[in-house]
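Asker: Input: one structure, supplied below.
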Amino acid sequence: MTVRCMFVIGLTGGIATGKTLVSETLRESGATIINADLVGHEAYLPHTETWQAVVDAFGTDILDEEGQIVRPKLGAIVFSDPSKLEQLNSIVHPRIYAMISDRIEGLKAEGITAVVVEAALLIEAGWTPLVDDIWVLTSPIEQVYSRLTGRGMSPEQARARVESQMPQEERVTHADIVIANDGGEAELKSAVKEHWDQRVSSKVQGDR
């Protein structure tokens, strides 16, 4: 008889380091993906507990006509003021942690054996207890800035976003696996699949 267990990867890295491509590669390898940013969007839905707490803290100017939180408006406030970012994080991060934990337990009950929690703030937010392995994605800073400005950010906005996050040098000290996104797409995908084969496949298949 084969005993199958769940293995949870925490995939993290700074903004614009290539997490989406790595996440998709892990999905193709057999993992179920939990995207913390999408979970966060759910947490921000109108009239939820999180929505109310954020509106109470930052005012109704961050809302559109339908009561949705306009994340660029909220971002303009918090990414220019570290104290406000800390205030927002103290509201949102514990709620997202609970939501991700519930999803992991639900997937475990379904018999899912490999899960990836994709979260830029995995370490900063204190979500590492949710995962078995921490995979940190890095990328040269000039490439990060190029990707961000290519998405329509001004150089100043890009710099503010990068500087609001944990430095790469500090993030990698928490890693079980470091994946350097400093080459082409094929090279990155190959590295991810190699780590998957070495770190995950045997664990989720178990022993006979």
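Residue numbers start at 1 in each chain; chains themselves are named A, B, ... in the order of the structure tokens; ligands are numbered from 1 in the order shown.
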Check the DSSP output for the backbone and give back, as an NGL selection string, the residues of chain A in strand (DSSP E).
Answerer: :A and (7-13 or 32-35 or 114-118 or 133-138 or 177-180)
Asker: Save out the residues we just selected, C-alpha atoms, as a tab-separated table (two decimals), in the first residue's frame.
Answerer:
```tsv
chain	number	residue	atom	x	y	z
A	7	PHE	CA	3.58	18.59	0.55
A	8	VAL	CA	3.17	22.37	0.53
A	9	ILE	CA	5.61	24.67	-1.25
A	10	GLY	CA	5.73	28.34	-0.41
A	11	LEU	CA	6.74	30.15	-3.60
A	12	THR	CA	7.92	33.67	-2.98
A	13	GLY	CA	10.05	36.43	-4.42
A	32	THR	CA	-2.51	22.73	-7.04
A	33	ILE	CA	-1.89	26.48	-6.80
A	34	ILE	CA	-3.16	28.84	-4.13
A	35	ASN	CA	-2.43	32.40	-5.21
A	114	ALA	CA	1.07	18.81	-3.73
A	115	VAL	CA	0.14	22.44	-3.15
A	116	VAL	CA	1.95	25.66	-3.99
A	117	VAL	CA	1.17	28.82	-2.04
A	118	GLU	CA	2.32	31.64	-4.31
A	133	ASP	CA	9.40	24.16	1.78
A	134	ILE	CA	10.22	27.78	0.92
A	135	TRP	CA	11.24	28.41	-2.68
A	136	VAL	CA	12.61	31.90	-3.30
A	137	LEU	CA	12.73	33.33	-6.80
A	138	THR	CA	15.30	36.03	-7.53
A	177	ILE	CA	15.47	26.42	-2.61
A	178	VAL	CA	16.68	29.53	-4.48
A	179	ILE	CA	15.76	29.82	-8.15
A	180	ALA	CA	17.58	32.53	-10.11
```
Asker: Could you check how far atom CA of A:Gly14 sits from atom CA of A:Met166, in Å to one decimal?
Answerer: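 Separating atom CA of A:Gly14 from atom CA of A:Met166 is a distance of 7.5 Å.
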Asker: Set the distance at 12 Å and use only C-alpha atoms: which residues neighbour A:Met99 once local chain neighbours fewer than 2 positions away are removed? I'd like the list as a ChimeraX atom specification.
Answerer: /A:34-43,50,92-97,101-106,117,127,130
Asker: Taking the chain letters and numbering used in this document, name the residues of stretch 13-134 of chain A that DSSP puts in helix (DSSP H, G or I), as a PyMOL selection string.
Answerer: chain A and resi 19-29+36-43+49-58+60-62+71-78+82-109+128-130
Asker: Keeping C-alpha atoms, export the residues of the selection given above as a tab-separated table (two decimals), in the first residue's frame.
Answerer:
```
chain	number	residue	atom	x	y	z
A	19	LYS	CA	6.47	33.95	-9.91
A	20	THR	CA	3.60	33.53	-12.38
A	21	LEU	CA	5.71	31.49	-14.81
A	22	VAL	CA	7.16	29.36	-12.02
A	23	SER	CA	3.72	28.80	-10.55
A	24	GLU	CA	2.35	27.71	-13.93
A	25	THR	CA	5.29	25.34	-14.38
A	26	LEU	CA	4.56	23.78	-11.00
A	27	ARG	CA	0.90	23.46	-11.97
A	28	GLU	CA	1.95	21.59	-15.11
A	29	SER	CA	4.05	19.31	-12.90
A	36	ALA	CA	-2.28	34.62	-2.14
A	37	ASP	CA	-2.98	37.73	-4.20
A	38	LEU	CA	-6.24	36.23	-5.47
A	39	VAL	CA	-7.14	35.22	-1.93
A	40	GLY	CA	-6.44	38.82	-0.96
A	41	HIS	CA	-8.84	40.03	-3.64
A	42	GLU	CA	-11.54	37.87	-2.07
A	43	ALA	CA	-10.72	39.29	1.35
A	49	GLU	CA	-14.89	41.92	7.63
A	50	THR	CA	-11.58	42.79	5.96
A	51	TRP	CA	-13.19	45.33	3.61
A	52	GLN	CA	-14.83	47.10	6.54
A	53	ALA	CA	-11.61	47.22	8.54
A	54	VAL	CA	-9.66	48.64	5.59
A	55	VAL	CA	-12.31	51.28	4.84
A	56	ASP	CA	-12.43	52.25	8.51
A	57	ALA	CA	-8.65	52.70	8.48
A	58	PHE	CA	-8.16	54.46	5.13
A	60	THR	CA	-14.06	55.89	1.59
A	61	ASP	CA	-11.87	57.71	-0.94
A	62	ILE	CA	-10.32	54.32	-1.78
A	71	ARG	CA	-6.25	48.80	-5.11
A	72	PRO	CA	-4.14	51.38	-7.01
A	73	LYS	CA	-5.69	54.11	-4.82
A	74	LEU	CA	-4.97	52.12	-1.69
A	75	GLY	CA	-1.49	51.33	-2.97
A	76	ALA	CA	-0.74	54.99	-3.58
A	77	ILE	CA	-1.40	55.61	0.12
A	78	VAL	CA	0.43	52.70	1.68
A	82	PRO	CA	5.76	52.66	5.70
A	83	SER	CA	3.57	53.21	8.76
A	84	LYS	CA	0.41	53.01	6.67
A	85	LEU	CA	1.67	49.89	4.90
A	86	GLU	CA	2.30	48.31	8.29
A	87	GLN	CA	-1.21	49.30	9.37
A	88	LEU	CA	-2.76	47.72	6.27
A	89	ASN	CA	-0.71	44.55	6.67
A	90	SER	CA	-1.76	44.17	10.29
A	91	ILE	CA	-5.38	44.19	9.12
A	92	VAL	CA	-5.12	41.99	6.07
A	93	HIS	CA	-2.35	39.46	6.65
A	94	PRO	CA	-3.94	37.49	9.53
A	95	ARG	CA	-7.17	37.17	7.57
A	96	ILE	CA	-5.41	35.94	4.44
A	97	TYR	CA	-3.43	33.47	6.55
A	98	ALA	CA	-6.66	31.99	7.87
A	99	MET	CA	-8.19	31.79	4.39
A	100	ILE	CA	-5.12	30.04	2.93
A	101	SER	CA	-5.01	27.63	5.88
A	102	ASP	CA	-8.65	26.71	5.30
A	103	ARG	CA	-7.94	26.07	1.61
A	104	ILE	CA	-4.97	23.85	2.35
A	105	GLU	CA	-7.06	21.79	4.77
A	106	GLY	CA	-9.84	21.53	2.20
A	107	LEU	CA	-7.43	20.31	-0.48
A	108	LYS	CA	-5.93	17.83	1.96
A	109	ALA	CA	-9.39	16.42	2.62
A	128	THR	CA	5.72	30.32	6.52
A	129	PRO	CA	4.10	27.97	9.10
A	130	LEU	CA	1.65	27.04	6.35
```
Asker: Record the distance separating atom CA of A:Val172 and atom CA of A:Ser146, expressed in Å with one decimal.
Answerer: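 Going from atom CA of A:Val172 over to atom CA of A:Ser146, I get 21.8 Å.
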